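Visitor: Dropping in protein_16.txt, which is compact mmCIF, C-alpha atoms and all ligand atoms:
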```
# COMPACT_ATOMS: atom_id res chain seq x y z
CA MET A 1455 0.00 0.00 0.00
CA GLU A 1456 1.15 3.50 -0.80
CA SER A 1457 2.30 5.60 2.14
CA LEU A 1458 0.36 8.69 3.19
CA VAL A 1459 2.05 12.07 3.26
CA TYR A 1460 0.79 15.17 5.06
CA VAL A 1461 0.77 18.18 2.71
CA ASN A 1462 -0.76 21.46 3.92
CA GLY A 1463 -3.59 20.03 5.96
CA ASN A 1464 -4.30 16.86 3.95
CA PHE A 1465 -3.08 13.29 4.08
CA VAL A 1466 -2.49 12.19 0.48
CA PRO A 1467 -0.98 9.08 -1.15
CA ARG A 1468 2.74 9.39 -1.86
CA SER A 1469 2.19 9.57 -5.64
CA GLU A 1470 -0.11 12.57 -5.17
CA ALA A 1471 2.04 14.34 -2.58
CA LYS A 1472 3.23 17.40 -4.50
CA VAL A 1473 4.23 21.01 -4.01
CA SER A 1474 4.30 23.77 -6.63
CA VAL A 1475 7.37 24.47 -8.77
CA PHE A 1476 6.87 28.04 -7.51
CA ASP A 1477 7.45 26.87 -3.94
CA ARG A 1478 10.37 28.74 -2.44
CA GLY A 1479 11.73 25.58 -0.88
CA TYR A 1480 12.25 24.34 -4.43
CA LEU A 1481 13.29 27.66 -5.98
CA TYR A 1482 15.65 28.90 -3.27
CA GLY A 1483 16.04 26.27 -0.55
CA ASP A 1484 14.05 28.74 1.53
CA GLY A 1485 12.92 26.66 4.48
CA VAL A 1486 13.87 24.37 7.35
CA PHE A 1487 13.45 20.68 8.08
CA GLU A 1488 13.82 17.96 10.69
CA GLY A 1489 14.64 14.28 10.54
CA ILE A 1490 13.07 12.39 13.45
CA ARG A 1491 13.04 8.69 14.34
CA GLY A 1492 10.34 6.49 15.75
CA TYR A 1493 11.30 3.35 17.68
CA ASP A 1494 8.85 0.62 18.57
CA GLY A 1495 5.81 2.88 18.41
CA ARG A 1496 7.41 5.89 20.13
CA VAL A 1497 8.75 9.07 18.56
CA PHE A 1498 12.18 9.77 19.99
CA ARG A 1499 12.95 13.26 21.36
CA LEU A 1500 9.99 14.72 19.48
CA ASP A 1501 9.84 17.91 21.53
CA GLN A 1502 13.55 18.64 21.06
CA HIS A 1503 13.15 18.23 17.31
CA LEU A 1504 10.13 20.55 17.30
CA GLU A 1505 12.04 23.14 19.33
CA ARG A 1506 14.93 23.09 16.88
CA LEU A 1507 12.56 23.32 13.91
CA TYR A 1508 10.68 26.32 15.31
CA ARG A 1509 13.92 28.04 16.38
CA GLY A 1510 15.25 27.57 12.83
CA ALA A 1511 11.99 28.92 11.36
CA LYS A 1512 12.25 31.95 13.63
CA ALA A 1513 15.87 32.53 12.65
CA ILE A 1514 14.92 32.69 8.95
CA ALA A 1515 11.75 34.72 9.73
CA LEU A 1516 9.44 31.99 8.45
CA GLU A 1517 5.97 32.08 9.94
CA VAL A 1518 4.72 28.56 10.60
CA PRO A 1519 0.94 28.21 10.04
CA LEU A 1520 0.73 25.55 12.78
CA THR A 1521 1.59 25.85 16.47
CA PRO A 1522 4.26 23.45 17.73
CA GLU A 1523 1.47 21.49 19.47
CA GLU A 1524 -0.48 21.20 16.21
CA LEU A 1525 2.57 20.07 14.27
CA ARG A 1526 3.36 17.59 17.05
CA ASP A 1527 -0.12 16.07 16.56
CA VAL A 1528 0.34 16.01 12.77
CA ILE A 1529 3.64 14.13 13.12
CA LEU A 1530 2.12 11.54 15.45
CA GLU A 1531 -0.92 11.20 13.17
CA THR A 1532 1.29 10.70 10.09
CA VAL A 1533 3.16 7.87 11.82
CA ARG A 1534 -0.15 6.37 13.01
CA ARG A 1535 -1.78 6.50 9.56
CA ASN A 1536 1.21 4.72 8.03
CA ALA A 1537 1.08 2.04 10.72
CA LEU A 1538 4.83 2.32 11.28
CA ARG A 1539 6.46 1.23 14.55
CA ASP A 1540 10.03 1.95 13.46
CA CYS A 1541 10.27 4.91 11.17
CA TYR A 1542 12.01 8.02 9.98
CA VAL A 1543 9.92 11.19 9.87
CA ARG A 1544 10.82 14.12 7.68
CA ALA A 1545 9.08 17.39 8.57
CA VAL A 1546 9.65 20.13 6.02
CA LEU A 1547 8.64 23.78 6.27
CA SER A 1548 9.18 26.02 3.28
CA ARG A 1549 8.26 29.68 2.99
CA GLY A 1550 5.61 28.66 0.47
CA GLU A 1551 4.50 29.49 -3.02
CA GLY A 1552 5.05 32.90 -4.58
CA ASP A 1553 6.26 34.92 -7.55
CA LEU A 1554 9.87 34.78 -8.69
CA GLY A 1555 12.33 37.02 -6.87
CA LEU A 1556 14.22 36.63 -3.60
CA ASP A 1557 12.09 38.99 -1.53
CA PRO A 1558 9.89 36.85 0.77
CA ARG A 1559 7.15 39.46 0.27
CA ASN A 1560 6.66 37.83 -3.18
CA CYS A 1561 5.24 34.90 -1.27
CA HIS A 1562 1.44 34.98 -1.39
CA PHE A 1563 0.54 31.79 0.45
CA PRO A 1564 1.26 30.49 3.92
CA ALA A 1565 4.32 28.34 4.49
CA THR A 1566 4.23 24.85 2.98
CA VAL A 1567 4.09 22.11 5.61
CA VAL A 1568 4.99 18.55 4.64
CA VAL A 1569 5.38 15.53 6.92
CA ILE A 1570 6.66 12.24 5.51
CA ALA A 1571 6.85 9.05 7.56
CA ASP A 1572 9.05 6.41 5.97
CA THR A 1573 12.03 4.24 6.82
CA ILE A 1574 15.74 4.98 6.38
CA ALA A 1575 18.96 2.99 6.30
CA LEU A 1576 21.85 5.39 6.00
CA TYR A 1577 24.75 2.92 5.97
CA PRO A 1578 25.03 -0.80 5.22
CA LYS A 1579 24.42 -2.97 8.30
CA GLU A 1580 28.02 -4.26 8.48
CA VAL A 1581 29.45 -0.85 9.34
CA TYR A 1582 27.81 -0.98 12.78
CA GLU A 1583 30.05 -4.02 13.42
CA ASP A 1584 33.08 -3.15 11.30
CA GLY A 1585 33.17 0.63 11.51
CA LEU A 1586 33.04 3.37 8.91
CA GLU A 1587 35.75 4.40 6.53
CA VAL A 1588 35.95 8.19 6.83
CA ILE A 1589 37.88 10.88 4.98
CA ALA A 1590 38.53 14.52 5.77
CA CYS A 1591 36.71 16.63 3.19
CA VAL A 1592 38.26 19.58 1.38
CA THR A 1593 34.90 21.39 1.47
CA ARG A 1594 34.74 23.31 4.75
CA ARG A 1595 31.63 23.57 6.90
CA ASN A 1596 29.97 26.84 6.03
CA MET A 1597 30.71 29.75 8.37
CA PRO A 1598 28.24 30.59 11.13
CA THR A 1599 28.39 34.16 9.81
CA ALA A 1600 26.74 32.93 6.58
CA ILE A 1601 23.92 30.40 7.13
CA ASP A 1602 24.44 29.35 10.73
CA PRO A 1603 24.89 25.54 10.80
CA GLN A 1604 22.47 25.50 13.76
CA ILE A 1605 19.72 26.23 11.25
CA LYS A 1606 18.71 22.93 9.67
CA SER A 1607 17.88 24.75 6.46
CA LEU A 1608 16.86 23.36 3.08
CA ASN A 1609 20.24 24.58 1.79
CA TYR A 1610 22.35 21.44 2.16
CA LEU A 1611 24.46 22.04 -0.93
CA ASN A 1612 27.61 22.65 1.12
CA ASN A 1613 27.22 19.28 2.83
CA ILE A 1614 26.23 17.61 -0.46
CA LEU A 1615 29.48 18.88 -2.05
CA ALA A 1616 31.36 17.25 0.82
CA ARG A 1617 29.28 14.08 0.38
CA ILE A 1618 30.28 13.96 -3.32
CA GLU A 1619 33.93 13.99 -2.21
CA VAL A 1620 33.15 11.06 0.10
CA SER A 1621 31.58 8.96 -2.66
CA ARG A 1622 34.37 9.77 -5.10
CA ALA A 1623 36.92 8.60 -2.53
CA GLY A 1624 34.97 5.36 -2.04
CA ALA A 1625 34.53 6.12 1.69
CA HIS A 1626 31.40 5.96 3.88
CA GLU A 1627 31.51 9.41 5.45
CA GLY A 1628 33.51 12.61 5.63
CA LEU A 1629 34.67 14.97 8.35
CA MET A 1630 34.16 18.64 7.68
CA LEU A 1631 36.51 21.18 9.23
CA ASN A 1632 35.51 24.69 10.21
CA GLN A 1633 37.16 27.79 8.77
CA GLN A 1634 39.96 27.57 11.37
CA GLY A 1635 40.72 23.98 10.43
CA TYR A 1636 39.25 22.37 13.56
CA VAL A 1637 37.01 19.36 13.13
CA ALA A 1638 33.36 20.48 13.12
CA GLU A 1639 31.24 17.45 12.24
CA ALA A 1640 30.55 14.90 9.51
CA THR A 1641 28.44 15.68 6.42
CA GLY A 1642 25.22 14.61 8.16
CA ASP A 1643 26.33 13.50 11.63
CA ASN A 1644 28.20 14.80 14.66
CA VAL A 1645 31.58 13.42 15.69
CA PHE A 1646 32.99 12.14 18.98
CA ILE A 1647 36.43 10.82 19.91
CA TRP A 1648 37.62 8.90 22.98
CA ARG A 1649 41.19 9.91 23.70
CA GLU A 1650 43.32 10.00 26.86
CA GLN A 1651 40.38 8.58 28.83
CA ARG A 1652 38.08 11.44 27.83
CA LEU A 1653 35.12 11.72 25.51
CA MET A 1654 35.40 14.77 23.27
CA THR A 1655 33.09 16.43 20.78
CA PRO A 1656 33.45 19.90 19.27
CA PRO A 1657 31.34 22.62 20.92
CA ALA A 1658 28.36 24.06 19.00
CA HIS A 1659 30.27 27.31 18.47
CA ALA A 1660 32.80 25.38 16.35
CA GLY A 1661 30.12 25.81 13.65
CA LEU A 1662 28.04 22.62 13.57
CA LEU A 1663 24.52 21.41 13.93
CA ASP A 1664 23.96 20.77 17.63
CA GLY A 1665 22.55 17.33 16.98
CA ILE A 1666 19.87 15.81 19.14
CA THR A 1667 21.68 12.45 19.11
CA ARG A 1668 24.83 14.36 20.16
CA GLN A 1669 22.88 15.74 23.14
CA VAL A 1670 21.61 12.26 24.02
CA VAL A 1671 25.16 10.86 23.93
CA LEU A 1672 26.40 13.70 26.17
CA GLU A 1673 23.60 12.90 28.65
CA LEU A 1674 24.38 9.16 28.55
CA ALA A 1675 28.09 9.80 29.05
CA GLU A 1676 27.33 11.88 32.12
CA GLU A 1677 24.99 9.20 33.46
CA MET A 1678 27.79 6.63 32.92
CA ASP A 1679 30.32 8.88 34.71
CA LEU A 1680 32.52 9.21 31.65
CA PRO A 1681 34.68 12.35 31.59
CA VAL A 1682 33.34 14.56 28.76
CA ARG A 1683 34.67 17.69 27.14
CA GLU A 1684 33.08 19.86 24.49
CA GLU A 1685 36.33 21.08 23.01
CA MET A 1686 37.81 21.88 19.61
CA PHE A 1687 40.17 19.26 18.20
CA THR A 1688 42.20 18.75 15.06
CA LEU A 1689 42.54 15.85 12.63
CA TYR A 1690 45.74 14.86 14.48
CA GLN A 1691 43.64 14.16 17.58
CA VAL A 1692 41.20 12.10 15.52
CA TYR A 1693 43.98 10.08 13.85
CA SER A 1694 45.52 9.31 17.24
CA ALA A 1695 42.22 8.68 19.11
CA ASP A 1696 41.47 5.33 20.78
CA GLU A 1697 37.90 5.43 19.51
CA CYS A 1698 35.81 7.56 17.19
CA PHE A 1699 32.10 7.46 16.38
CA LEU A 1700 29.48 9.52 14.61
CA THR A 1701 26.00 10.36 15.85
CA GLY A 1702 22.80 11.37 14.08
CA THR A 1703 19.11 10.62 14.00
CA ALA A 1704 19.45 8.61 10.82
CA ALA A 1705 22.89 7.13 11.58
CA GLU A 1706 22.28 6.61 15.35
CA ILE A 1707 25.71 5.79 16.86
CA VAL A 1708 28.10 4.44 14.26
CA PRO A 1709 31.72 3.46 14.93
CA VAL A 1710 34.55 4.82 12.78
CA SER A 1711 37.36 2.37 11.98
CA ARG A 1712 39.56 4.46 9.68
CA VAL A 1713 40.11 8.14 9.02
CA ASP A 1714 42.17 9.06 5.95
CA GLY A 1715 43.62 5.55 6.02
CA ARG A 1716 44.69 5.73 9.68
CA VAL A 1717 43.28 2.88 11.73
CA ILE A 1718 41.44 4.17 14.82
CA GLY A 1719 42.27 2.10 17.91
CA ASP A 1720 42.39 -1.51 16.77
CA GLY A 1721 40.02 -0.83 13.89
CA LYS A 1722 37.01 -2.36 15.67
CA PRO A 1723 34.28 -0.61 17.67
CA GLY A 1724 35.86 0.17 21.04
CA PRO A 1725 34.44 -0.51 24.53
CA ILE A 1726 33.19 3.07 25.11
CA THR A 1727 31.41 3.14 21.73
CA LYS A 1728 29.82 -0.23 22.50
CA ARG A 1729 28.67 0.81 25.98
CA LEU A 1730 27.14 4.05 24.71
CA THR A 1731 25.46 2.21 21.81
CA ALA A 1732 23.92 -0.35 24.18
CA ARG A 1733 22.52 2.40 26.47
CA PHE A 1734 21.34 4.38 23.44
CA LYS A 1735 19.36 1.35 22.21
CA GLU A 1736 17.65 1.10 25.60
CA VAL A 1737 16.59 4.74 25.77
CA THR A 1738 15.34 4.88 22.18
CA VAL A 1739 12.78 2.12 22.75
CA THR A 1740 11.63 3.31 26.18
CA GLU A 1741 11.53 7.10 26.41
CA GLY A 1742 9.84 8.43 23.22
CA VAL A 1743 6.35 9.88 22.82
CA PRO A 1744 3.91 6.97 22.27
CA VAL A 1745 2.26 7.17 18.84
CA GLY A 1746 -0.91 5.68 20.33
N1 LIG B 1801 25.00 17.38 11.47
C1 LIG B 1801 24.31 17.63 10.34
C2 LIG B 1801 24.89 18.53 9.33
C3 LIG B 1801 23.07 17.02 10.14
O1 LIG B 1801 22.38 17.28 9.04
C4 LIG B 1801 23.32 15.91 12.29
C5 LIG B 1801 24.53 16.56 12.42
C6 LIG B 1801 22.82 15.05 13.40
O2 LIG B 1801 21.80 15.70 14.12
P1 LIG B 1801 20.65 14.88 14.86
O3 LIG B 1801 19.79 15.93 15.48
O4 LIG B 1801 19.92 14.09 13.81
O5 LIG B 1801 21.31 14.02 15.86
C7 LIG B 1801 22.55 16.14 11.12
C8 LIG B 1801 21.25 15.45 10.96
C9 LIG B 1801 18.35 13.10 6.19
C10 LIG B 1801 19.45 13.25 7.10
O6 LIG B 1801 18.56 12.59 5.11
C11 LIG B 1801 19.49 14.30 7.99
C12 LIG B 1801 20.55 14.43 8.85
C13 LIG B 1801 21.53 13.50 8.83
C14 LIG B 1801 21.46 12.47 7.92
C15 LIG B 1801 20.42 12.33 7.05
O7 LIG B 1801 17.26 13.47 6.56
N2 LIG B 1801 20.64 15.50 9.70
```
For this file, produce the structure as structure tokens.
Ligand code: PXG
Guide:
Amino acid sequence: MESLVYVNGNFVPRSEAKVSVFDRGYLYGDGVFEGIRGYDGRVFRLDQHLERLYRGAKAIALEVPLTPEELRDVILETVRRNALRDCYVRAVLSRGEGDLGLDPRNCHFPATVVVIADTIALYPKEVYEDGLEVIACVTRRNMPTAIDPQIKSLNYLNNILARIEVSRAGAHEGLMLNQQGYVAEATGDNVFIWREQRLMTPPAHAGLLDGITRQVVLELAEEMDLPVREEMFTLYQVYSADECFLTGTAAEIVPVSRVDGRVIGDGKPGPITKRLTARFKEVTVTEGVPVG
């Protein structure tokens, strides 16, 4: 059966789920989005995702026609109508349909609201056992003084350019450095290293998306009494780390086995990565908002 997609107030079959070619999301990447996961009939960290989405909308001066509570209900309803227990939800807000020209005042309709509930598998299953092959990308993370990476905007071209480098190198993922050359994040995930008995991840002001999975891992590390630092680090510190892993809603926690050909630790998921992954699995199936 075809999946149902929420488009501006209606649930329509996937093949009929369409927005105008005059939509500013399509014309200019003028909008924001979220990727959210459902586990065993519960939507994980739904309120944090909604907060980030509405903060991003505010930052780009996009007026959302639904309140966060209404959109929350729409997301849960979309999952329910598709009878999915494990899923990936994409919520997309674009400024809407209008005449050509950059000025948002050319926009005559309310913002476009789309909610898709589907499934996602970002990496092949083996990499969760064997680890990812990662490269450092030449494309830098865009500066916070341009589009702030905290805004999960529909402009992902910078990250897509980095992702093209990754595919051309035959790797699984890529690290993106900030303008100063410090490691910021991966193309669609955050990065952690375990080094000198400390867990480290770059701080949000390094110019990265403050990922919700990143926040969960920081909470779990604290709960497990692991020493944690949000601190800038260089590729040297990644190459010489004992463990490295990436985090993201789609990726979850995924071990890294090699970076630019350097084997991380013994090339297998390390004990800290494994412990965090095990705890992460527990919280994802127990703490989300029940779909009902
Ligand atoms: N950094 C970037 C640049 C991202 O886009 C993350 C980190 C992880 O954040 P969360 O909140 O998910 O822990 C993201 C997440 C997709 C897709 O296709 C989206 C992301 C990652 C991978 C795939 O929807 N964004």
Visitor: Which residues are close to Ile1490 in chain A, i.e. within 12 Å by all atoms listed in the file, leaving aside same-chain residues fewer than 2 positions away? Reply as a PyMOL selection string.
Guide: chain A and resi 1487-1488+1492-1493+1496-1504+1506-1507+1526+1529-1530+1533+1540-1546+1569-1574+1665-1667+1702-1706+1738+1742-1743
Visitor: Could you tell me how far CA of Gly1719 in chain A lies from CA of Cys1698 in chain A, in Å and to one decimal?
Guide: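 Spanning CA of Gly1719 in chain A to CA of Cys1698 in chain A is a straight-line distance of 8.5 Å.
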Visitor: Got a sec to check which residues sit within 10 Å of (42.2, 5.2, 17.3), counting only C-alpha atoms, and write them as a list in words?
Guide: Ile1647, Trp1648, Arg1649, Gln1691, Val1692, Tyr1693, Ser1694, Ala1695, Asp1696, Glu1697, Cys1698, Val1710, Ser1711, Arg1712, Val1713, Arg1716, Val1717, Ile1718, Gly1719, Asp1720, Gly1721, Lys1722, Pro1723 and Gly1724 of chain A
Visitor: Would you work out the distance separating CA of Leu1520 in chain A from CA of Ser1548 in chain A, expressed in Å to one decimal?
Guide: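 Separating CA of Leu1520 in chain A from CA of Ser1548 in chain A is a distance of 12.7 Å.
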Visitor: List as a PyMOL selection string the protein and nucleic acid residues near Gly1463 in chain A, meaning an atom at most 9 Å away when only C-alpha atoms are counted, but skip any in the same chain fewer than 2 places from it.
Guide: chain A and resi 1460-1461+1465+1528+1567-1568
Visitor: Would you mind exporting the chosen residues as a PDB file, in the frame of the given file, restricted to C-alpha atoms?
Guide:
```pdb
ATOM      1  CA  TYR A1460       0.790  15.170   5.060  1.00  0.00           C
ATOM      2  CA  VAL A1461       0.770  18.180   2.710  1.00  0.00           C
ATOM      3  CA  PHE A1465      -3.080  13.290   4.080  1.00  0.00           C
ATOM      4  CA  VAL A1528       0.340  16.010  12.770  1.00  0.00           C
ATOM      5  CA  VAL A1567       4.090  22.110   5.610  1.00  0.00           C
ATOM      6  CA  VAL A1568       4.990  18.550   4.640  1.00  0.00           C
TER       7      VAL A1568
END
```
Visitor: Considering all atoms listed in the file, state which residue in the set A:Arg1559, A:Lys1606, A:Arg1594, A:Arg1539 is at the smallest distance from ligand LIG 1801 (chain B).
Guide: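 Ranked by minimum distance to ligand LIG 1801 (chain B), first place goes to A:Lys1606.
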Visitor: Contacts of Thr1701 in chain A at 7 Å or less, counting only C-alpha atoms, minus same-chain residues fewer than 2 places along, as a PyMOL selection string?
Guide: chain A and resi 1643-1645+1667-1668+1699+1705-1708
Visitor: Do a neighbour search on range 1617-1631 of chain A at 9 Å with all atoms listed in the file, toss out local chain neighbours closer than 5 positions, and write the hits as a list in words.
Guide: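 Once the nearby chain positions are removed, what remains is Tyr1577, Val1581, Leu1586, Glu1587, Val1588, Ile1589, Ala1590, Cys1591, Val1592, Thr1593, Arg1594, Arg1595, Asn1612, Tyr1636, Val1637, Ala1638, Glu1639, Ala1640, Thr1641, Gly1642, Val1645, Thr1688, Leu1689 and Val1713 of chain A.
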Visitor: Counting only C-alpha atoms, which of A:Lys1728, A:Arg1683, A:Lys1579, A:Arg1549 gets nearest to Gly1483 in chain A?
Guide: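 Between A:Lys1728, A:Arg1683, A:Lys1579, A:Arg1549, the residue approaching Gly1483 in chain A most closely is A:Arg1549.
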Visitor: With distances taken over only C-alpha atoms, which of A:Gly1661, A:Tyr1482, A:Pro1744, A:Phe1646 is nearest to Tyr1610 in chain A?
Guide: A:Tyr1482
Visitor: Near range 1599-1602 of chain A, within 9 Å and counting only C-alpha atoms, which residues show up once chain neighbours fewer than 3 positions away are dropped, as a ChimeraX atom specification?
Guide: /A:1596,1605-1607,1609,1661-1663
Visitor: Take the residues from that selection and write them out as a tab-separated table (two decimals), in the coordinates of the input, keeping C-alpha atoms.
Guide:
```
chain	number	residue	atom	x	y	z
A	1596	ASN	CA	29.97	26.84	6.03
A	1605	ILE	CA	19.72	26.23	11.25
A	1606	LYS	CA	18.71	22.93	9.67
A	1607	SER	CA	17.88	24.75	6.46
A	1609	ASN	CA	20.24	24.58	1.79
A	1661	GLY	CA	30.12	25.81	13.65
A	1662	LEU	CA	28.04	22.62	13.57
A	1663	LEU	CA	24.52	21.41	13.93
```
Visitor: Distance CA of Val1670 in chain A-atom O3 of ligand LIG 1801 (chain B), one decimal place?
Guide: 9.5 Å
Visitor: Could you give me the axis-aligned bounding box of range 1482-1488 of chain A, with 4 Å of padding per side, as centre plus edge lengths in Å to one decimal, as AutoDock Vina command-line options?
Guide:
```
--center_x 14.5 --center_y 23.4 --center_z 3.7 --size_x 11.1 --size_y 18.9 --size_z 22.0
```
Visitor: My list of candidates is A:Leu1525, A:Arg1491, A:Gln1633, A:Lys1512. Which is closest to Ala1575 in chain A when distances are computed with all atoms listed in the file?
Guide: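 Answer, going by the shortest atom-to-atom distance: A:Arg1491.
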Visitor: Counting only C-alpha atoms and all ligand atoms, which of A:Pro1603, A:Gly1550, A:Gly1555, A:Pro1725 gets nearest to ligand LIG 1801 (chain B)?
Guide: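 Counting only C-alpha atoms and all ligand atoms, the residue closest to ligand LIG 1801 (chain B) is A:Pro1603.
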Visitor: Measuring between all atoms listed in the file, which one of A:Lys1735, A:Tyr1690, A:Leu1611, A:Glu1684 shows the shortest distance to ligand LIG 1801 (chain B)?
Guide: A:Leu1611
